[in-house]
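Student: Here you go, work_22.cif (mmCIF, C-alpha atoms and all ligand atoms):
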```
data_work
loop_
_atom_site.label_atom_id
_atom_site.label_comp_id
_atom_site.auth_asym_id
_atom_site.auth_seq_id
_atom_site.Cartn_x
_atom_site.Cartn_y
_atom_site.Cartn_z
CA MET Y 1 17.47 39.75 -7.12
CA SER Y 2 14.91 37.17 -6.17
CA ILE Y 3 15.78 33.66 -5.10
CA THR Y 4 14.89 30.95 -7.61
CA LYS Y 5 14.60 27.18 -7.43
CA GLU Y 6 17.32 26.82 -10.04
CA LYS Y 7 19.79 28.81 -7.96
CA VAL Y 8 18.98 26.85 -4.84
CA LEU Y 9 19.52 23.60 -6.73
CA GLU Y 10 22.78 24.91 -8.14
CA ALA Y 11 23.98 25.73 -4.63
CA LEU Y 12 22.93 22.34 -3.26
CA GLY Y 13 24.73 20.75 -6.19
CA ASN Y 14 27.92 21.88 -4.43
CA VAL Y 15 27.13 19.99 -1.24
CA ILE Y 16 28.86 16.63 -1.22
CA ASP Y 17 27.66 13.71 0.87
CA PRO Y 18 30.94 12.83 2.59
CA ASP Y 19 30.17 9.10 2.67
CA LEU Y 20 28.91 8.70 -0.86
CA GLY Y 21 31.31 11.16 -2.48
CA LYS Y 22 28.66 12.74 -4.73
CA ASP Y 23 26.58 15.91 -4.48
CA LEU Y 24 23.04 15.91 -3.06
CA VAL Y 25 21.41 16.85 -6.37
CA THR Y 26 23.13 14.08 -8.33
CA LEU Y 27 22.16 11.70 -5.55
CA ASN Y 28 18.51 12.77 -5.95
CA MET Y 29 18.30 13.70 -2.31
CA ILE Y 30 16.61 17.11 -2.68
CA GLU Y 31 12.82 17.43 -2.82
CA ASN Y 32 10.03 19.95 -2.22
CA ILE Y 33 11.93 23.20 -2.66
CA SER Y 34 9.74 26.13 -1.66
CA ILE Y 35 10.65 29.81 -1.69
CA GLU Y 36 8.78 32.64 -0.01
CA GLY Y 37 10.69 35.89 -0.03
CA LYS Y 38 13.88 35.15 1.89
CA LYS Y 39 12.58 31.84 3.22
CA VAL Y 40 14.03 28.79 1.51
CA ALA Y 41 12.76 25.38 2.56
CA PHE Y 42 13.51 21.95 1.10
CA THR Y 43 13.68 18.30 2.09
CA VAL Y 44 16.96 16.40 2.16
CA ASN Y 45 16.40 12.65 1.84
CA LEU Y 46 19.39 10.95 3.41
CA THR Y 47 20.00 7.26 2.79
CA THR Y 48 19.29 6.38 6.42
CA PRO Y 49 17.60 8.07 9.40
CA ALA Y 50 20.61 6.90 11.43
CA CYS Y 51 23.02 8.99 9.35
CA PRO Y 52 25.93 10.13 11.54
CA MET Y 53 26.59 13.01 9.11
CA LYS Y 54 23.07 14.46 9.43
CA ASP Y 55 24.04 17.68 11.23
CA GLU Y 56 27.11 18.21 9.09
CA ILE Y 57 25.10 17.90 5.86
CA ARG Y 58 22.38 20.20 7.22
CA HIS Y 59 24.91 22.92 7.97
CA ALA Y 60 26.59 22.48 4.63
CA CYS Y 61 23.19 22.98 2.89
CA ILE Y 62 22.48 26.17 4.84
CA ASN Y 63 25.96 27.55 4.13
CA ALA Y 64 25.83 26.69 0.44
CA VAL Y 65 22.52 28.52 -0.11
CA LYS Y 66 23.63 31.55 1.93
CA HIS Y 67 26.97 31.66 0.21
CA LEU Y 68 25.88 31.16 -3.41
CA VAL Y 69 22.30 32.45 -3.50
CA ASP Y 70 21.61 35.09 -0.89
CA SER Y 71 23.50 35.78 2.32
CA GLU Y 72 20.28 36.91 3.99
CA ALA Y 73 18.28 33.83 3.09
CA GLU Y 74 16.56 31.99 5.93
CA VAL Y 75 17.38 28.42 5.00
CA GLU Y 76 15.32 25.64 6.54
CA PRO Y 77 16.31 22.16 5.37
CA GLU Y 78 14.06 19.37 6.58
CA MET Y 79 16.20 16.30 7.18
CA SER Y 80 14.37 13.16 6.15
CA SER Y 81 15.42 9.78 4.80
CA LYS Y 82 14.69 7.04 2.30
CA VAL Y 83 16.64 3.88 2.95
CA GLN Y 84 17.97 2.35 -0.26
CA ALA Y 85 17.55 -1.32 -1.00
CA GLY Y 86 20.58 -3.57 -0.84
CA ARG Y 87 21.77 -6.58 -2.80
CA GLY Y 88 19.21 -8.95 -4.22
CA GLN Y 89 16.24 -6.60 -3.95
CA ALA Y 90 15.10 -7.11 -7.54
CA LYS Y 91 15.24 -10.85 -7.05
CA ARG Y 92 13.26 -10.55 -3.84
CA GLU Y 93 10.58 -8.53 -5.61
CA GLU Y 94 10.47 -10.93 -8.53
CA THR Y 95 10.03 -13.95 -6.31
CA ASP Y 96 7.85 -12.04 -3.86
CA THR Y 97 10.08 -13.27 -1.07
CA LEU Y 98 10.83 -10.59 1.51
CA ALA Y 99 9.90 -8.11 -1.22
CA GLY Y 100 9.38 -5.20 1.18
CA VAL Y 101 12.63 -5.78 3.06
CA LYS Y 102 15.31 -3.40 1.87
CA ASN Y 103 18.35 -4.70 3.74
CA ILE Y 104 19.07 -7.93 5.56
CA ILE Y 105 22.04 -7.87 7.92
CA ALA Y 106 23.51 -10.95 9.55
CA VAL Y 107 25.15 -10.64 12.96
CA ALA Y 108 27.71 -13.40 13.40
CA SER Y 109 30.73 -14.49 15.37
CA GLY Y 110 33.01 -17.44 15.30
CA LYS Y 111 33.03 -18.04 19.03
CA GLY Y 112 29.91 -18.50 21.14
CA GLY Y 113 28.85 -16.22 23.95
CA VAL Y 114 30.67 -13.12 22.73
CA GLY Y 115 27.47 -11.07 22.57
CA LYS Y 116 25.95 -11.58 19.10
CA SER Y 117 22.42 -11.63 20.39
CA THR Y 118 23.06 -8.66 22.68
CA VAL Y 119 24.50 -6.67 19.78
CA SER Y 120 21.69 -7.76 17.40
CA VAL Y 121 18.97 -6.73 19.80
CA ASN Y 122 20.49 -3.38 20.72
CA LEU Y 123 21.34 -2.63 17.11
CA ALA Y 124 17.70 -3.26 16.20
CA VAL Y 125 16.28 -1.14 19.03
CA SER Y 126 18.73 1.67 18.37
CA LEU Y 127 17.98 1.78 14.62
CA ALA Y 128 14.25 1.75 15.37
CA LYS Y 129 14.74 4.75 17.67
CA THR Y 130 16.17 6.75 14.78
CA GLY Y 131 12.88 6.20 12.96
CA ALA Y 132 13.89 3.28 10.74
CA LYS Y 133 11.56 0.32 10.18
CA VAL Y 134 13.32 -2.61 11.77
CA GLY Y 135 12.85 -6.32 12.25
CA ILE Y 136 14.90 -8.98 13.98
CA VAL Y 137 14.96 -12.70 13.37
CA ASP Y 138 16.52 -15.19 15.71
CA THR Y 139 17.88 -18.09 13.67
CA ASP Y 140 19.49 -19.85 16.61
CA ILE Y 141 17.24 -22.83 16.92
CA TYR Y 142 19.30 -24.62 19.57
CA GLY Y 143 19.77 -21.62 21.81
CA PRO Y 144 17.25 -18.88 20.93
CA SER Y 145 17.80 -15.66 22.89
CA ILE Y 146 15.34 -13.17 21.46
CA PRO Y 147 12.29 -14.32 23.47
CA THR Y 148 14.20 -13.68 26.70
CA MET Y 149 15.89 -10.50 25.55
CA PHE Y 150 12.53 -9.00 24.52
CA ASN Y 151 10.55 -10.85 27.18
CA VAL Y 152 8.02 -12.25 24.72
CA ARG Y 153 6.60 -15.76 24.84
CA GLU Y 154 3.41 -15.76 22.81
CA ARG Y 155 3.12 -17.79 19.65
CA PRO Y 156 2.91 -15.57 16.57
CA ASN Y 157 -0.48 -15.52 14.81
CA ILE Y 158 -1.03 -16.56 11.22
CA ASN Y 159 -2.67 -14.30 8.62
CA THR Y 160 -5.20 -15.28 5.96
CA GLN Y 161 -2.40 -16.20 3.53
CA ARG Y 162 -1.06 -18.56 6.18
CA LYS Y 163 1.95 -16.37 6.86
CA LEU Y 164 3.36 -15.81 10.32
CA ILE Y 165 2.78 -12.37 11.77
CA PRO Y 166 5.89 -11.16 13.61
CA LEU Y 167 5.45 -9.90 17.16
CA GLU Y 168 6.41 -6.30 17.90
CA LYS Y 169 8.21 -4.70 20.85
CA TYR Y 170 10.25 -1.52 21.34
CA GLY Y 171 9.35 -0.59 17.76
CA VAL Y 172 10.98 -3.75 16.40
CA LYS Y 173 9.20 -6.62 14.61
CA LEU Y 174 10.50 -9.95 15.79
CA LEU Y 175 10.36 -13.65 15.18
CA SER Y 176 12.31 -16.36 16.90
CA MET Y 177 12.60 -20.08 16.49
CA GLY Y 178 12.15 -20.09 20.25
CA LEU Y 179 8.52 -18.94 19.82
CA LEU Y 180 7.69 -21.78 17.44
CA VAL Y 181 9.68 -24.83 18.30
CA ASP Y 182 9.61 -26.64 21.57
CA GLN Y 183 13.13 -26.55 22.99
CA ASP Y 184 13.13 -30.25 23.86
CA GLN Y 185 12.36 -31.08 20.22
CA ALA Y 186 14.81 -28.61 18.73
CA VAL Y 187 17.88 -30.29 20.16
CA VAL Y 188 17.48 -33.28 17.85
CA TRP Y 189 17.08 -31.19 14.67
CA ARG Y 190 19.77 -31.67 12.06
CA GLY Y 191 21.42 -29.06 9.85
CA PRO Y 192 19.20 -29.35 6.74
CA MET Y 193 16.06 -29.17 8.89
CA VAL Y 194 17.36 -26.03 10.52
CA SER Y 195 18.20 -24.28 7.29
CA SER Y 196 14.90 -25.13 5.65
CA ALA Y 197 13.12 -23.91 8.77
CA VAL Y 198 15.04 -20.63 8.62
CA LYS Y 199 14.16 -20.25 4.96
CA GLN Y 200 10.48 -20.78 5.64
CA PHE Y 201 10.69 -18.55 8.58
CA LEU Y 202 11.91 -15.69 6.44
CA SER Y 203 9.84 -16.23 3.32
CA GLU Y 204 6.63 -17.32 5.00
CA ALA Y 205 6.31 -14.44 7.41
CA GLU Y 206 4.55 -11.14 6.92
CA TRP Y 207 7.48 -8.77 7.47
CA GLY Y 208 5.92 -6.00 5.39
CA GLU Y 209 8.05 -2.95 4.71
CA LEU Y 210 11.36 -2.94 6.55
CA ASP Y 211 14.47 -0.80 6.16
CA TYR Y 212 16.62 -3.25 8.09
CA LEU Y 213 16.07 -6.88 9.03
CA ILE Y 214 18.69 -8.06 11.51
CA MET Y 215 19.49 -11.78 11.60
CA ASP Y 216 20.99 -13.12 14.82
CA LEU Y 217 23.00 -16.17 13.74
CA PRO Y 218 23.95 -19.14 15.88
CA PRO Y 219 27.63 -19.22 16.98
CA GLY Y 220 30.25 -20.72 14.70
CA THR Y 221 31.14 -20.93 11.05
CA GLY Y 222 29.86 -24.41 10.28
CA ASP Y 223 27.36 -25.84 7.81
CA ILE Y 224 24.32 -24.23 9.39
CA GLN Y 225 25.75 -20.72 9.20
CA LEU Y 226 27.07 -21.26 5.71
CA THR Y 227 23.71 -22.51 4.48
CA ILE Y 228 21.90 -19.57 6.03
CA VAL Y 229 24.20 -16.97 4.51
CA GLN Y 230 23.90 -18.64 1.11
CA THR Y 231 20.14 -18.96 1.35
CA VAL Y 232 19.29 -15.41 2.29
CA PRO Y 233 20.17 -12.42 0.09
CA LEU Y 234 22.18 -10.51 2.69
CA THR Y 235 23.18 -6.88 2.32
CA GLY Y 236 26.11 -7.58 4.59
CA ALA Y 237 27.36 -9.02 7.85
CA VAL Y 238 28.42 -7.60 11.19
CA ILE Y 239 31.01 -9.66 13.08
CA VAL Y 240 31.10 -9.55 16.87
CA SER Y 241 34.20 -10.41 18.86
CA THR Y 242 35.62 -9.90 22.31
CA PRO Y 243 39.25 -8.72 22.46
CA GLN Y 244 40.93 -11.99 23.45
CA ASP Y 245 42.89 -14.15 21.00
CA VAL Y 246 40.58 -17.19 20.99
CA ALA Y 247 37.64 -15.03 20.03
CA LEU Y 248 39.64 -13.12 17.43
CA ASP Y 249 40.78 -16.32 15.69
CA ASP Y 250 37.15 -17.32 15.34
CA ALA Y 251 36.11 -13.82 14.24
CA ARG Y 252 38.69 -14.04 11.47
CA LYS Y 253 37.09 -17.33 10.33
CA GLY Y 254 33.73 -15.56 10.35
CA VAL Y 255 35.02 -12.78 8.11
CA ALA Y 256 36.57 -15.38 5.79
CA MET Y 257 33.28 -17.30 5.56
CA PHE Y 258 31.34 -14.24 4.41
CA GLN Y 259 34.03 -13.18 1.98
CA LYS Y 260 34.11 -16.66 0.46
CA VAL Y 261 30.42 -16.43 -0.42
CA ASN Y 262 30.73 -12.77 -1.52
CA VAL Y 263 28.72 -11.26 1.30
CA PRO Y 264 30.20 -7.86 2.21
CA VAL Y 265 31.49 -7.58 5.76
CA LEU Y 266 30.07 -4.29 7.06
CA GLY Y 267 32.47 -4.30 9.99
CA ILE Y 268 33.59 -5.71 13.32
CA VAL Y 269 32.18 -4.83 16.75
CA GLU Y 270 34.35 -5.26 19.84
CA ASN Y 271 32.13 -6.34 22.71
CA MET Y 272 33.19 -6.44 26.37
CA ALA Y 273 36.01 -4.11 25.33
CA PHE Y 274 36.70 -2.87 28.86
CA PHE Y 275 35.14 -2.61 32.29
CA THR Y 276 34.61 0.66 34.14
CA PRO Y 277 33.61 0.27 37.78
CA PRO Y 278 30.52 2.35 38.58
CA ASP Y 279 32.38 3.93 41.53
CA ALA Y 280 35.47 4.83 39.48
CA PRO Y 281 34.27 6.00 36.08
CA GLU Y 282 37.73 7.24 35.05
CA LYS Y 283 39.20 3.74 35.19
CA ARG Y 284 39.16 1.23 32.36
CA TYR Y 285 40.08 -2.40 33.00
CA HIS Y 286 40.81 -4.35 29.83
CA ILE Y 287 39.72 -7.71 31.18
CA PHE Y 288 39.80 -9.62 27.89
CA GLY Y 289 42.75 -7.75 26.41
CA ARG Y 290 43.00 -4.50 24.61
CA ASP Y 291 41.96 -3.36 21.12
CA GLY Y 292 42.08 -6.91 19.75
CA ALA Y 293 39.04 -6.57 17.49
CA ARG Y 294 39.99 -3.05 16.46
CA ASN Y 295 43.40 -4.33 15.36
CA LEU Y 296 41.87 -7.33 13.61
CA ALA Y 297 39.57 -5.01 11.63
CA ALA Y 298 42.56 -2.93 10.56
CA ARG Y 299 44.50 -6.05 9.55
CA LEU Y 300 41.62 -7.47 7.51
CA GLU Y 301 40.83 -4.04 6.06
CA VAL Y 302 37.20 -4.09 7.16
CA PRO Y 303 35.53 -1.21 9.02
CA PHE Y 304 35.71 -1.09 12.82
CA LEU Y 305 32.19 -0.32 14.02
CA GLY Y 306 32.94 0.45 17.67
CA GLU Y 307 33.46 -0.98 21.14
CA VAL Y 308 30.90 -1.86 23.81
CA PRO Y 309 31.95 -1.77 27.47
CA LEU Y 310 31.30 -4.65 29.82
CA GLN Y 311 28.46 -3.26 31.90
CA GLN Y 312 26.17 -4.93 34.36
CA THR Y 313 23.05 -3.20 33.02
CA VAL Y 314 23.69 -4.74 29.60
CA ARG Y 315 23.43 -8.23 31.08
CA GLU Y 316 20.49 -7.24 33.29
CA GLY Y 317 18.71 -5.68 30.33
CA SER Y 318 19.12 -8.86 28.30
CA ASP Y 319 17.89 -11.07 31.13
CA SER Y 320 14.91 -8.91 32.05
CA GLY Y 321 13.66 -8.42 28.51
CA MET Y 322 14.38 -4.71 28.27
CA PRO Y 323 17.53 -4.14 26.19
CA VAL Y 324 19.81 -1.45 27.62
CA THR Y 325 19.10 0.82 24.62
CA ALA Y 326 15.37 0.63 25.42
CA GLY Y 327 15.67 1.04 29.18
CA ASP Y 328 18.89 2.79 30.17
CA GLU Y 329 19.23 5.06 27.15
CA ASN Y 330 22.09 7.26 28.32
CA SER Y 331 24.40 4.69 29.84
CA PRO Y 332 27.88 4.32 28.29
CA ALA Y 333 26.87 0.99 26.73
CA SER Y 334 23.74 2.51 25.16
CA GLU Y 335 25.80 5.38 23.78
CA ALA Y 336 28.17 2.80 22.31
CA PHE Y 337 25.30 0.87 20.70
CA HIS Y 338 23.85 4.07 19.21
CA GLN Y 339 27.22 4.88 17.66
CA ILE Y 340 27.55 1.35 16.33
CA ALA Y 341 24.03 1.47 14.87
CA LYS Y 342 24.86 4.72 13.05
CA LYS Y 343 28.14 3.36 11.73
CA THR Y 344 26.46 0.18 10.54
CA ALA Y 345 23.72 2.14 8.75
CA GLN Y 346 26.44 4.32 7.22
CA GLN Y 347 28.30 1.28 5.89
CA ILE Y 348 25.06 -0.09 4.44
CA SER Y 349 24.39 3.21 2.66
CA ILE Y 350 27.92 3.27 1.26
CA ARG Y 351 27.64 -0.33 0.03
CA ASN Y 352 24.26 0.28 -1.57
CA ALA Y 353 25.38 3.49 -3.27
CA ASN Y 354 28.40 1.76 -4.78
CA MET Y 355 26.58 -1.44 -5.67
CA ASP Y 356 27.32 -3.10 -8.96
CA PRO Y 357 23.93 -3.16 -10.79
CA THR Y 358 24.19 -6.91 -11.37
CA GLU Y 359 24.25 -7.42 -7.62
CA LYS Y 360 20.68 -6.18 -7.46
CA ILE Y 361 19.42 -9.23 -9.28
CA GLU Y 362 21.97 -11.96 -9.37
CA ILE Y 363 21.51 -13.29 -5.93
CA LYS Y 364 20.08 -16.73 -5.69
CA PHE Y 365 17.33 -17.30 -3.22
CA ARG Y 366 17.22 -21.04 -3.03
N1 LIG U 1 28.75 -5.67 26.97
C1 LIG U 1 28.26 -6.55 27.85
N2 LIG U 1 28.26 -6.29 29.18
C2 LIG U 1 27.75 -7.21 30.07
N3 LIG U 1 27.23 -8.38 29.72
C3 LIG U 1 27.20 -8.70 28.41
C4 LIG U 1 27.70 -7.80 27.40
N4 LIG U 1 27.52 -8.39 26.20
C5 LIG U 1 26.94 -9.59 26.42
N5 LIG U 1 26.74 -9.77 27.75
C6 LIG U 1 26.16 -10.97 28.41
O1 LIG U 1 26.92 -12.09 28.02
C7 LIG U 1 26.09 -13.24 27.80
C8 LIG U 1 26.28 -13.73 26.36
O2 LIG U 1 25.79 -12.75 25.46
P1 LIG U 1 24.93 -13.15 24.19
O3 LIG U 1 23.88 -14.14 24.52
O4 LIG U 1 24.53 -11.89 23.53
O5 LIG U 1 26.09 -13.86 23.32
P2 LIG U 1 25.93 -14.69 21.97
O6 LIG U 1 27.20 -14.48 21.21
O7 LIG U 1 24.67 -14.40 21.30
O8 LIG U 1 25.88 -16.17 22.55
P3 LIG U 1 25.56 -17.52 21.71
O9 LIG U 1 26.84 -17.84 21.02
O10 LIG U 1 25.19 -18.50 22.76
O11 LIG U 1 24.46 -17.19 20.75
C9 LIG U 1 24.68 -12.76 28.09
O12 LIG U 1 24.35 -13.10 29.40
C10 LIG U 1 24.74 -11.25 27.93
O13 LIG U 1 23.78 -10.59 28.72
MG MG U 2 23.10 -15.69 20.68
#
```
If you convert what's in this file into structure tokens, what do you get?

Tutor:
Amino acid sequence: MSITKEKVLEALGNVIDPDLGKDLVTLNMIENISIEGKKVAFTVNLTTPACPMKDEIRHACINAVKHLVDSEAEVEPEMSSKVQAGRGQAKREETDTLAGVKNIIAVASGKGGVGKSTVSVNLAVSLAKTGAKVGIVDTDIYGPSIPTMFNVRERPNINTQRKLIPLEKYGVKLLSMGLLVDQDQAVVWRGPMVSSAVKQFLSEAEWGELDYLIMDLPPGTGDIQLTIVQTVPLTGAVIVSTPQDVALDDARKGVAMFQKVNVPVLGIVENMAFFTPPDAPEKRYHIFGRDGARNLAARLEVPFLGEVPLQQTVREGSDSGMPVTAGDENSPASEAFHQIAKKTAQQISIRNANMDPTEKIEIKFR
């Protein structure tokens, strides 16, 4: 009996996306089925190129076709992706503000210096390496980090519609207050000036098509942060904490702030989780305490996105303008960031798949 498209679709209708809980056909993920004799090829459009389940789903597709259609079939799924748009997309299109940006993710912490900017930058670079279109925006006007972490200094150009053109490095589009505002002037800026600058910065820049736009927030949970998260239609927030109690208290306030304004918390990252001396890789010193952020995530019932070790090359990468995920790809910290990037993308896909339809439009962009 010959293989038909219908039978292939029926088989793939039995493959469930483990994150989204529905089958690939219902999820509209299957495209371009072609059959030549025993050769069966098709495209599987996952919801993110950073999908941690990619291999698992691929194998499940092959098995399903062999099992239900023809045990001798040569099944060749091509794994591709189409990132889905998150909350507020319809509103963004309607107002032509960030219309091509599918998901905006804020990276926040309560306490300063816990590694928000480091996590933002490495998250962005890591997602870009999976093939996603990524941008990063540094909203910390008093202490911008992105210019240093990417080693860029030039002032962004302006296009014919008078919009800022983001710079680009390591496959990531970037803009920072630090590229536009003289640091000596910035210190006297007040809250409302900062938030209106951030708003302009987002809406009056040519971001183009992006799967993920990462926003590095200034430390704290004060007025400035609150205004930013209410101004921008965020898909969700990532909270960074170190394991010690003072940082965790502030991380909890961060989670509470996002929940109060109905922004989903995608998860918590534990940074500086432990130190492994380069000459004794089997040892782990828990300098700032152990599993604090992991336990906090469990207590608050938000996902735990992973832990990043304290590693000298992370700090060196940030200072020299080549993030560890761009330079030292296979180090333990890079591995950790890649895992965190995948988990974050996974959480975004899950949120977007389960989104209440009203969320698509009812977000105010003030
Ligand atoms: N896992 C790590 N290993 C080693 N150094 C790290 C790690 N994470 C962050 N750092 C270093 O710690 C310092 C603070 O990190 P970073 O600037 O990312 O924190 P932040 O939370 O953005 O700070 P701020 O609150 O000032 O915005 C930087 O020098 C950075 O290079
Ligand atoms: Mg920072």

Student: List the neighbours of stretch 48-56 of chain Y out to 6 Å using only C-alpha atoms; skip same-chain residues closer than 6 positions along the sequence, and give me the result as a PDB file with C-alpha atoms, keeping the file's coordinate frame.

Tutor:
```
ATOM      1  CA  SER Y  81      15.420   9.780   4.800  1.00  0.00           C
ATOM      2  CA  VAL Y  83      16.640   3.880   2.950  1.00  0.00           C
ATOM      3  CA  THR Y 130      16.170   6.750  14.780  1.00  0.00           C
ATOM      4  CA  LYS Y 342      24.860   4.720  13.050  1.00  0.00           C
TER       5      LYS Y 342
END
```

Student: In Å, how far is it from atom CA of Y:Gly171 to atom CA of Y:Gln230?

Tutor: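 Pair atom CA of Y:Gly171 / atom CA of Y:Gln230 returns 28.5 Å.
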
Student: Could you please give me, as a PyMOL selection string, the residues of protein, DNA or RNA lying at most 10 Å from (27.2, 19.6, -0.5) in the coordinate frame of the file, considering all atoms listed in the file?

Tutor: chain Y and resi 11-18+21-25+56-64

Student: For a quick check of understanding, using all atoms listed in the file, which of Y:Met149, Y:Val181, Y:Ile165, Y:Leu266 has the smallest distance to Y:Trp207?

Tutor: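 Between Y:Met149, Y:Val181, Y:Ile165, Y:Leu266, the residue approaching Y:Trp207 most closely is Y:Ile165.
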
Student: Set up a box along x, y and z of the file covering all listed atoms of ligand LIG 1 (chain U), add 3 Å on every one of the six sides, and write the centre and edge lengths in Å to one decimal, as lines of an AutoDock Vina configuration file.

Tutor:
```
center_x = 26.3
center_y = -12.1
center_z = 25.4
size_x = 11.0
size_y = 18.8
size_z = 15.3
```

Student: Any residue with an atom at most 9 Å from ligand LIG 1 (chain U) counts, using all atoms listed in the file. Which are they? Put them as a PDB file with C-alpha atoms, in the frame of the given file.

Tutor:
```pdb
ATOM      1  CA  ALA Y 108      27.710 -13.400  13.400  1.00  0.00           C
ATOM      2  CA  SER Y 109      30.730 -14.490  15.370  1.00  0.00           C
ATOM      3  CA  GLY Y 110      33.010 -17.440  15.300  1.00  0.00           C
ATOM      4  CA  LYS Y 111      33.030 -18.040  19.030  1.00  0.00           C
ATOM      5  CA  GLY Y 112      29.910 -18.500  21.140  1.00  0.00           C
ATOM      6  CA  GLY Y 113      28.850 -16.220  23.950  1.00  0.00           C
ATOM      7  CA  VAL Y 114      30.670 -13.120  22.730  1.00  0.00           C
ATOM      8  CA  GLY Y 115      27.470 -11.070  22.570  1.00  0.00           C
ATOM      9  CA  LYS Y 116      25.950 -11.580  19.100  1.00  0.00           C
ATOM     10  CA  SER Y 117      22.420 -11.630  20.390  1.00  0.00           C
ATOM     11  CA  THR Y 118      23.060  -8.660  22.680  1.00  0.00           C
ATOM     12  CA  VAL Y 119      24.500  -6.670  19.780  1.00  0.00           C
ATOM     13  CA  SER Y 120      21.690  -7.760  17.400  1.00  0.00           C
ATOM     14  CA  VAL Y 121      18.970  -6.730  19.800  1.00  0.00           C
ATOM     15  CA  ASP Y 140      19.490 -19.850  16.610  1.00  0.00           C
ATOM     16  CA  GLY Y 143      19.770 -21.620  21.810  1.00  0.00           C
ATOM     17  CA  PRO Y 144      17.250 -18.880  20.930  1.00  0.00           C
ATOM     18  CA  SER Y 145      17.800 -15.660  22.890  1.00  0.00           C
ATOM     19  CA  MET Y 149      15.890 -10.500  25.550  1.00  0.00           C
ATOM     20  CA  ASP Y 216      20.990 -13.120  14.820  1.00  0.00           C
ATOM     21  CA  LEU Y 217      23.000 -16.170  13.740  1.00  0.00           C
ATOM     22  CA  PRO Y 218      23.950 -19.140  15.880  1.00  0.00           C
ATOM     23  CA  PRO Y 219      27.630 -19.220  16.980  1.00  0.00           C
ATOM     24  CA  GLY Y 220      30.250 -20.720  14.700  1.00  0.00           C
ATOM     25  CA  VAL Y 240      31.100  -9.550  16.870  1.00  0.00           C
ATOM     26  CA  SER Y 241      34.200 -10.410  18.860  1.00  0.00           C
ATOM     27  CA  ASN Y 271      32.130  -6.340  22.710  1.00  0.00           C
ATOM     28  CA  MET Y 272      33.190  -6.440  26.370  1.00  0.00           C
ATOM     29  CA  ALA Y 273      36.010  -4.110  25.330  1.00  0.00           C
ATOM     30  CA  PHE Y 274      36.700  -2.870  28.860  1.00  0.00           C
ATOM     31  CA  PHE Y 275      35.140  -2.610  32.290  1.00  0.00           C
ATOM     32  CA  GLU Y 307      33.460  -0.980  21.140  1.00  0.00           C
ATOM     33  CA  VAL Y 308      30.900  -1.860  23.810  1.00  0.00           C
ATOM     34  CA  PRO Y 309      31.950  -1.770  27.470  1.00  0.00           C
ATOM     35  CA  LEU Y 310      31.300  -4.650  29.820  1.00  0.00           C
ATOM     36  CA  GLN Y 311      28.460  -3.260  31.900  1.00  0.00           C
ATOM     37  CA  GLN Y 312      26.170  -4.930  34.360  1.00  0.00           C
ATOM     38  CA  THR Y 313      23.050  -3.200  33.020  1.00  0.00           C
ATOM     39  CA  VAL Y 314      23.690  -4.740  29.600  1.00  0.00           C
ATOM     40  CA  ARG Y 315      23.430  -8.230  31.080  1.00  0.00           C
ATOM     41  CA  GLU Y 316      20.490  -7.240  33.290  1.00  0.00           C
ATOM     42  CA  GLY Y 317      18.710  -5.680  30.330  1.00  0.00           C
ATOM     43  CA  SER Y 318      19.120  -8.860  28.300  1.00  0.00           C
ATOM     44  CA  ASP Y 319      17.890 -11.070  31.130  1.00  0.00           C
ATOM     45  CA  ALA Y 333      26.870   0.990  26.730  1.00  0.00           C
TER      46      ALA Y 333
END
```

Student: When distances are computed from all atoms listed in the file, which of Y:Asp245, Y:Glu94, Y:Asp211, Y:Asp138 shows the smallest separation from ligand MG 2 (chain U)?

Tutor: Y:Asp138

Student: By how many Å are atom CA of Y:Phe337 and atom CA of Y:Leu123 apart?

Tutor: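 Computing it gives 6.4 Å between the two atoms.
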